[in-house]
Each structure stands twice: as structure tokens, then as C-alpha cells.
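Colleague: Got a file for you: target-v4.pdb, PDB, C-alpha atoms, pLDDT in the B column.
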ATOM      1  CA  MET A   9      49.289 -18.022   7.653  1.00 65.00           C
ATOM      2  CA  ALA A  10      51.932 -15.434   8.318  1.00 66.00           C
ATOM      3  CA  TYR A  11      54.726 -15.749  10.852  1.00 60.00           C
ATOM      4  CA  THR A  12      57.551 -13.703  12.293  1.00 65.00           C
ATOM      5  CA  ILE A  13      60.719 -14.902  13.982  1.00 65.00           C
ATOM      6  CA  ASP A  14      62.561 -12.420  16.142  1.00 65.00           C
ATOM      7  CA  ARG A  15      66.138 -13.573  15.667  1.00 62.00           C
ATOM      8  CA  PHE A  16      67.743 -11.284  18.202  1.00 63.00           C
ATOM      9  CA  PRO A  17      65.388 -10.882  21.170  1.00 63.00           C
ATOM     10  CA  SER A  18      66.613  -8.679  23.974  1.00 66.00           C
ATOM     11  CA  GLU A  19      65.450  -7.185  27.248  1.00 68.00           C
ATOM     12  CA  GLU A  20      63.928  -4.314  25.244  1.00 70.00           C
ATOM     13  CA  TRP A  21      62.238  -6.666  22.730  1.00 71.00           C
ATOM     14  CA  PRO A  22      61.675 -10.057  24.381  1.00 85.00           C
ATOM     15  CA  ARG A  23      59.362 -11.486  21.696  1.00 87.00           C
ATOM     16  CA  LEU A  24      60.699 -14.700  20.186  1.00 90.00           C
ATOM     17  CA  GLY A  25      58.117 -15.089  17.439  1.00 90.00           C
ATOM     18  CA  ALA A  26      54.558 -14.604  16.250  1.00 92.00           C
ATOM     19  CA  MET A  27      51.973 -16.174  13.955  1.00 94.00           C
ATOM     20  CA  THR A  28      48.837 -14.857  12.329  1.00 93.00           C
ATOM     21  CA  LEU A  29      46.305 -17.595  11.583  1.00 93.00           C
ATOM     22  CA  HIS A  30      42.968 -17.771   9.808  1.00 92.00           C
ATOM     23  CA  PRO A  31      40.043 -18.936  11.960  1.00 92.00           C
ATOM     24  CA  VAL A  32      39.856 -22.436  10.462  1.00 93.00           C
ATOM     25  CA  ALA A  33      40.282 -25.874  12.018  1.00 90.00           C
ATOM     26  CA  GLU A  34      43.647 -26.448  10.276  1.00 93.00           C
ATOM     27  CA  SER A  35      45.172 -23.511  12.169  1.00 94.00           C
ATOM     28  CA  ALA A  36      45.581 -25.394  15.470  1.00 94.00           C
ATOM     29  CA  PRO A  37      47.876 -28.116  14.028  1.00 95.00           C
ATOM     30  CA  ARG A  38      49.721 -25.487  11.963  1.00 94.00           C
ATOM     31  CA  ALA A  39      50.304 -23.432  15.102  1.00 95.00           C
ATOM     32  CA  ARG A  40      51.704 -26.485  16.918  1.00 95.00           C
ATOM     33  CA  TYR A  41      54.018 -27.350  14.020  1.00 95.00           C
ATOM     34  CA  TRP A  42      55.446 -23.871  13.454  1.00 93.00           C
ATOM     35  CA  PHE A  43      55.767 -23.105  17.162  1.00 94.00           C
ATOM     36  CA  ARG A  44      57.860 -26.267  17.671  1.00 94.00           C
ATOM     37  CA  LYS A  45      60.011 -25.405  14.673  1.00 92.00           C
ATOM     38  CA  PHE A  46      60.594 -21.802  15.723  1.00 91.00           C
ATOM     39  CA  LEU A  47      61.093 -22.347  19.463  1.00 92.00           C
ATOM     40  CA  ALA A  48      63.488 -25.322  19.245  1.00 90.00           C
ATOM     41  CA  PRO A  49      66.549 -23.211  18.259  1.00 88.00           C
ATOM     42  CA  TYR A  50      66.237 -21.308  21.544  1.00 87.00           C
ATOM     43  CA  ASN A  51      66.810 -24.624  23.370  1.00 90.00           C
ATOM     44  CA  PRO A  52      64.252 -24.153  26.153  1.00 93.00           C
ATOM     45  CA  ALA A  53      64.448 -26.272  29.290  1.00 94.00           C
ATOM     46  CA  CYS A  54      60.663 -26.706  29.279  1.00 94.00           C
ATOM     47  CA  SER A  55      58.749 -29.257  27.208  1.00 95.00           C
ATOM     48  CA  ILE A  56      58.144 -27.890  23.712  1.00 95.00           C
ATOM     49  CA  ASP A  57      55.412 -30.516  23.282  1.00 95.00           C
ATOM     50  CA  ASP A  58      53.590 -29.267  26.402  1.00 96.00           C
ATOM     51  CA  CYS A  59      53.814 -25.699  25.101  1.00 96.00           C
ATOM     52  CA  ALA A  60      52.558 -26.773  21.675  1.00 96.00           C
ATOM     53  CA  LEU A  61      49.612 -28.516  23.339  1.00 95.00           C
ATOM     54  CA  MET A  62      48.728 -25.308  25.199  1.00 96.00           C
ATOM     55  CA  ILE A  63      48.979 -23.283  21.981  1.00 96.00           C
ATOM     56  CA  SER A  64      46.696 -25.776  20.250  1.00 95.00           C
ATOM     57  CA  GLU A  65      44.083 -25.486  23.000  1.00 93.00           C
ATOM     58  CA  LEU A  66      44.237 -21.678  23.107  1.00 94.00           C
ATOM     59  CA  VAL A  67      44.109 -21.319  19.307  1.00 95.00           C
ATOM     60  CA  THR A  68      41.140 -23.698  19.156  1.00 92.00           C
ATOM     61  CA  ASN A  69      39.316 -21.617  21.787  1.00 90.00           C
ATOM     62  CA  ALA A  70      40.158 -18.398  19.933  1.00 91.00           C
ATOM     63  CA  ILE A  71      38.710 -19.839  16.722  1.00 90.00           C
ATOM     64  CA  LEU A  72      35.589 -21.139  18.458  1.00 87.00           C
ATOM     65  CA  TYR A  73      34.833 -17.990  20.466  1.00 84.00           C
ATOM     66  CA  GLY A  74      36.350 -15.116  18.457  1.00 83.00           C
ATOM     67  CA  ARG A  75      33.891 -12.983  16.528  1.00 80.00           C
ATOM     68  CA  ALA A  76      34.149 -10.046  14.156  1.00 79.00           C
ATOM     69  CA  ASP A  77      31.886  -8.444  11.571  1.00 80.00           C
ATOM     70  CA  GLU A  78      34.598  -8.590   8.916  1.00 82.00           C
ATOM     71  CA  SER A  79      37.290 -11.134   8.104  1.00 84.00           C
ATOM     72  CA  TRP A  80      39.523 -11.737  11.092  1.00 90.00           C
ATOM     73  CA  VAL A  81      42.620 -13.562  12.288  1.00 92.00           C
ATOM     74  CA  VAL A  82      43.983 -15.183  15.428  1.00 94.00           C
ATOM     75  CA  ARG A  83      47.359 -13.876  16.601  1.00 94.00           C
ATOM     76  CA  VAL A  84      49.829 -16.005  18.564  1.00 95.00           C
ATOM     77  CA  GLU A  85      52.971 -14.508  20.108  1.00 95.00           C
ATOM     78  CA  TRP A  86      55.592 -15.966  22.423  1.00 94.00           C
ATOM     79  CA  PHE A  87      58.049 -14.094  24.600  1.00 92.00           C
ATOM     80  CA  ARG A  88      60.907 -14.696  26.933  1.00 91.00           C
ATOM     81  CA  VAL A  89      60.178 -13.012  30.260  1.00 90.00           C
ATOM     82  CA  ALA A  90      63.214 -13.458  32.547  1.00 89.00           C
ATOM     83  CA  THR A  91      63.492 -17.260  32.774  1.00 92.00           C
ATOM     84  CA  SER A  92      59.860 -17.913  31.748  1.00 94.00           C
ATOM     85  CA  LEU A  93      58.164 -18.431  28.409  1.00 95.00           C
ATOM     86  CA  ARG A  94      54.941 -16.469  27.871  1.00 96.00           C
ATOM     87  CA  ILE A  95      52.488 -17.481  25.171  1.00 97.00           C
ATOM     88  CA  GLU A  96      49.711 -15.082  24.131  1.00 97.00           C
ATOM     89  CA  VAL A  97      46.749 -15.843  21.871  1.00 96.00           C
ATOM     90  CA  HIS A  98      44.594 -12.941  20.645  1.00 94.00           C
ATOM     91  CA  ASN A  99      41.168 -13.154  19.017  1.00 91.00           C
ATOM     92  CA  PRO A 100      38.771 -10.410  17.886  1.00 87.00           C
ATOM     93  CA  GLY A 101      35.372  -9.412  19.183  1.00 77.00           C
ATOM     94  CA  PHE A 102      34.338  -7.945  22.484  1.00 72.00           C
ATOM     95  CA  PRO A 103      36.712  -8.813  25.345  1.00 69.00           C
ATOM     96  CA  ALA A 104      35.320 -12.024  26.785  1.00 67.00           C
ATOM     97  CA  ASN A 105      35.148 -13.171  30.370  1.00 75.00           C
ATOM     98  CA  VAL A 106      37.217 -16.339  29.938  1.00 73.00           C
ATOM     99  CA  GLN A 107      36.496 -18.971  32.553  1.00 70.00           C
ATOM    100  CA  MET A 108      37.719 -22.486  33.117  1.00 67.00           C
ATOM    101  CA  ARG A 109      34.919 -25.027  32.811  1.00 68.00           C
ATOM    102  CA  ARG A 110      34.412 -28.174  34.848  1.00 72.00           C
ATOM    103  CA  PRO A 111      32.951 -30.539  32.238  1.00 64.00           C
ATOM    104  CA  ASP A 112      31.185 -33.748  33.133  1.00 68.00           C
ATOM    105  CA  ALA A 113      32.872 -37.005  32.191  1.00 65.00           C
ATOM    106  CA  ASN A 114      30.513 -37.385  29.203  1.00 68.00           C
ATOM    107  CA  ASP A 115      31.110 -33.867  27.818  1.00 63.00           C
ATOM    108  CA  ALA A 116      33.015 -33.896  24.536  1.00 57.00           C
ATOM    109  CA  HIS A 117      34.441 -30.377  24.997  1.00 62.00           C
ATOM    110  CA  GLY A 118      35.508 -27.950  27.704  1.00 58.00           C
ATOM    111  CA  ARG A 119      38.869 -29.290  28.861  1.00 66.00           C
ATOM    112  CA  GLY A 120      41.245 -26.900  27.055  1.00 79.00           C
ATOM    113  CA  LEU A 121      41.806 -24.441  29.879  1.00 85.00           C
ATOM    114  CA  LEU A 122      41.994 -27.323  32.369  1.00 85.00           C
ATOM    115  CA  LEU A 123      44.969 -28.628  30.365  1.00 87.00           C
ATOM    116  CA  VAL A 124      46.559 -25.174  30.222  1.00 92.00           C
ATOM    117  CA  ASP A 125      45.992 -24.696  33.959  1.00 91.00           C
ATOM    118  CA  SER A 126      47.610 -28.052  34.756  1.00 90.00           C
ATOM    119  CA  ILE A 127      50.709 -27.460  32.585  1.00 95.00           C
ATOM    120  CA  ALA A 128      51.420 -23.723  32.886  1.00 95.00           C
ATOM    121  CA  GLU A 129      52.736 -21.924  35.939  1.00 96.00           C
ATOM    122  CA  SER A 130      49.835 -19.494  35.453  1.00 95.00           C
ATOM    123  CA  TRP A 131      47.362 -18.266  32.847  1.00 94.00           C
ATOM    124  CA  HIS A 132      45.491 -15.004  32.423  1.00 94.00           C
ATOM    125  CA  SER A 133      42.877 -13.440  30.194  1.00 93.00           C
ATOM    126  CA  GLY A 134      41.899  -9.887  29.425  1.00 92.00           C
ATOM    127  CA  PRO A 135      41.489  -7.353  26.665  1.00 92.00           C
ATOM    128  CA  SER A 136      43.849  -7.743  23.711  1.00 93.00           C
ATOM    129  CA  ARG A 137      45.948  -4.818  22.534  1.00 91.00           C
ATOM    130  CA  PHE A 138      44.605  -5.681  19.063  1.00 89.00           C
ATOM    131  CA  GLY A 139      41.002  -5.478  20.282  1.00 88.00           C
ATOM    132  CA  GLY A 140      39.058  -8.483  21.483  1.00 89.00           C
ATOM    133  CA  THR A 141      40.376 -11.034  23.967  1.00 92.00           C
ATOM    134  CA  MET A 142      43.864 -12.200  24.901  1.00 94.00           C
ATOM    135  CA  VAL A 143      44.596 -15.400  26.822  1.00 95.00           C
ATOM    136  CA  SER A 144      48.167 -15.969  27.956  1.00 95.00           C
ATOM    137  CA  CYS A 145      50.045 -18.635  29.842  1.00 97.00           C
ATOM    138  CA  ASP A 146      53.455 -18.608  31.483  1.00 97.00           C
ATOM    139  CA  VAL A 147      55.838 -21.552  31.665  1.00 96.00           C
ATOM    140  CA  ALA A 148      58.335 -21.093  34.498  1.00 95.00           C
ATOM    141  CA  GLY A 149      61.937 -22.258  34.191  1.00 93.00           C
ATOM    142  CA  ALA A 150      62.014 -22.286  30.405  1.00 94.00           C
ATOM    143  CA  TRP A 151      65.586 -20.932  30.532  1.00 87.00           C
ATOM    144  CA  PRO A 152      68.111 -21.129  33.366  1.00 82.00           C
ATOM    145  CA  SER A 153      69.247 -17.473  33.166  1.00 71.00           C
ATOM    146  CA  SER A 154      69.394 -14.398  30.961  1.00 58.00           C
ATOM    147  CA  GLU A 155      72.634 -15.610  29.365  1.00 57.00           C
ATOM    148  CA  GLY A 156      72.593 -17.338  26.019  1.00 53.00           C
ATOM    149  CA  PHE A 157      69.407 -15.610  24.882  1.00 55.00           C
ATOM    150  CA  THR A 158      70.033 -15.928  21.139  1.00 55.00           C
ATOM    151  CA  PRO A 159      68.938 -18.957  19.104  1.00 54.00           C
ATOM    152  CA  LEU A 160      71.409 -21.791  18.617  1.00 49.00           C
ATOM    153  CA  LEU A 161      70.638 -22.318  14.923  1.00 46.00           C
ATOM    154  CA  PHE A 162      69.225 -20.379  11.990  1.00 42.00           C
TER     155      PHE A 162
END
What is this file in C-alpha cells?
Modeller:
Amino acid sequence: MAYTIDRFPSEEWPRLGAMTLHPVAESAPRARYWFRKFLAPYNPACSIDDCALMISELVTNAILYGRADESWVVRVEWFRVATSLRIEVHNPGFPANVQMRRPDANDAHGRGLLLVDSIAESWHSGPSRFGGTMVSCDVAGAWPSSEGFTPLLF
């Protein structure tokens, strides 16, 4: 796993951090752990645990549905957009038509996007700038204003 922390985000470069993960089952818990660790210094007003849950669901979906002929990775990035937090998860392959499922009570899978939809202000999918598919979610009210945009600790 590789990761990047953007220590001095700004209006011109609002990314707070990024991770590159291998498409293996252990990547979802790793993504949750490192996201919590790297977002906490920015002191968001939103629930870091809720955001970590959404990342876990989106990374799991990216691993399950991403495809490439060669070795590939899942990319996770998070940004500050005004007072919101945006999380993006990118996986390779042809851009997919991502749809929320309505699983039956007995179905073991299919609830990931339902969770994201219930927690996030909004979510979107489309082509990734890296090729493949990108699914993003926005968490409104993550920060009260544009002031104090730098991390508290490092």
C-alpha cells in the first residue's frame, strides 16, 4: 500500500490525502485504518467512523468489480470541497454503470451503496480520470468554514 498526505491543502489543491491499495481483502480494513489516522488531524465536524465505513464499502466494491488485464490497484482520494468532504474510489476496467441494489432480507451482499446513500449527502459514479470507474461520496458540513484549513497535528 502506498499513501500520500497533503499537508498544506488549499483552494488550488484541495486534496487532503490519497491511498493506493492492492485488490485484496485486507485492503478494506487498511483503508479504514489509514483514513482515520490521516483525516483526524484536520478535525472534521463529521463522523470519521461513518466516513471510514463508506470508504470500506467503496473499496470492497472496487475490489470485487474492478478488472484489468494486468496487475492493478484501487485508488482512494479525499478532498475538502468548501465545507464538505469528498471521498473518491477509483478502480480499473471499463467504466461501469454503478447502481444501488435492493437486496432481499436473505441476501448476504448488496448493501454497500445503500449504506453510502444513507450516510452521505450524495454519491456519484462515472469514468475515472485514471481509466475505469470512479465512485464518490460527499459528506456535507465536515468543516464549518474555509478558515483553519491546515491540520492540527503532524
Colleague: Nearest residue to A:Trp86 out of A:Ala150, A:Pro22, A:Ala70, A:Ser64, using only C-alpha atoms?
Modeller: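 Of the candidates, the smallest distance to A:Trp86 is held by A:Pro22.
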Colleague: Quick one: residues within 6 Å of A:Val82, all atoms listed in the file, excluding same-chain residues fewer than 2 positions away - as JSON, numbers by chain?
Modeller: {"A": [28, 29, 98, 99]}
Colleague: Please evaluate the PyMOL selection byres ((chain A and resi 134) around 10) against the displayed coordinates and give the resulting residues as a VMD selection string.
Modeller: chain A and resid 98 103 to 106 132 to 133 135 to 137 140 to 144
Colleague: Identify which of the residues A:Thr68, A:Gln107, A:Ser79, A:Ser153 lies closest to A:Glu34, counting all atoms listed in the file when measuring atom-to-atom distances.
Modeller: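 Answer, going by the shortest atom-to-atom distance: A:Thr68.
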Colleague: Find the residues with any atom within 8 Å of (54.7, -20.2, 19.4); use only C-alpha atoms and the coordinates as given in the file, and write the answer as number ranges by chain.
Modeller: A: 25-27, 39-40, 42-44, 46-47, 59-60, 63, 84-86, 95
Colleague: Tell me which residues the PyMOL selection byres ((chain A and resi 71) around 9) grabs here, as a ChimeraX atom specification.
Modeller: /A:30-33,35-36,66-70,72-75,81-82,99
Colleague: When you draw a straight line from atom CA of A:Leu61 to atom CA of A:Trp80, how long is it in Å?
Modeller: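 Computing the Euclidean distance for atom CA of A:Leu61 and atom CA of A:Trp80 yields 23.1 Å.
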Colleague: Under the rule that all atoms listed in the file are counted, which of A:Asp146, A:Asp125, A:Asp58, A:Glu20 is the nearest residue to A:Arg94?
Modeller: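 Using all atoms listed in the file, the shortest distance to A:Arg94 belongs to A:Asp146.
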Colleague: Record the distance separating atom CA of A:Arg38 and atom CA of A:Pro52, expressed in Å with one decimal.
Modeller: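 It comes out at 20.4 Å.
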Colleague: With all atoms listed in the file as the counted atoms, please give the residues lying no more than 9 Å from A:Leu123, apart from itself and same-chain residues fewer than 3 positions off, as a list in words.
Modeller: Leu61, Met62, Glu65, Arg119, Gly120, Ser126, Ile127 and Ala128 of chain A
Colleague: Grab the residues selected above and save them as a compact mmCIF listing (two decimals), in the frame of the given file with C-alpha atoms.
Modeller:
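Now in again06.txt:
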# COMPACT_ATOMS: atom_id res chain seq x y z
CA LEU A 61 49.61 -28.52 23.34
CA MET A 62 48.73 -25.31 25.20
CA GLU A 65 44.08 -25.49 23.00
CA ARG A 119 38.87 -29.29 28.86
CA GLY A 120 41.24 -26.90 27.06
CA SER A 126 47.61 -28.05 34.76
CA ILE A 127 50.71 -27.46 32.58
CA ALA A 128 51.42 -23.72 32.89
Colleague: At what distance in Å, to one decimal, does atom CA of A:Asp57 lie from atom CA of A:Trp21?
Modeller: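 Those two atoms sit 24.8 Å apart.
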Colleague: Measuring atom to atom with only C-alpha atoms, identify which of A:Ala76, A:Lys45, A:Thr91, A:Arg110 is nearest to A:Gly149.
Modeller: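 Smallest distance to A:Gly149 is found for A:Thr91.
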Colleague: With only C-alpha atoms as the basis for distance, which of A:Val124, A:Val147, A:Leu93, A:Ala53 is at the shortest distance from A:Leu24?
Modeller: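 Ranking A:Val124, A:Val147, A:Leu93, A:Ala53 by distance to A:Leu24, first place goes to A:Leu93.
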Colleague: Using the file's own x, y and z axes, so that the box edges lie along x, y and z, what centre and edge lengths in Å (one decimal) does a box around every listed atom of stretch 71-81 of chain A get when 8 Å is added on each side? Give it as lines of an AutoDock Vina configuration file.
Modeller:
center_x = 37.3
center_y = -14.8
center_z = 14.3
size_x = 26.7
size_y = 28.7
size_z = 28.4
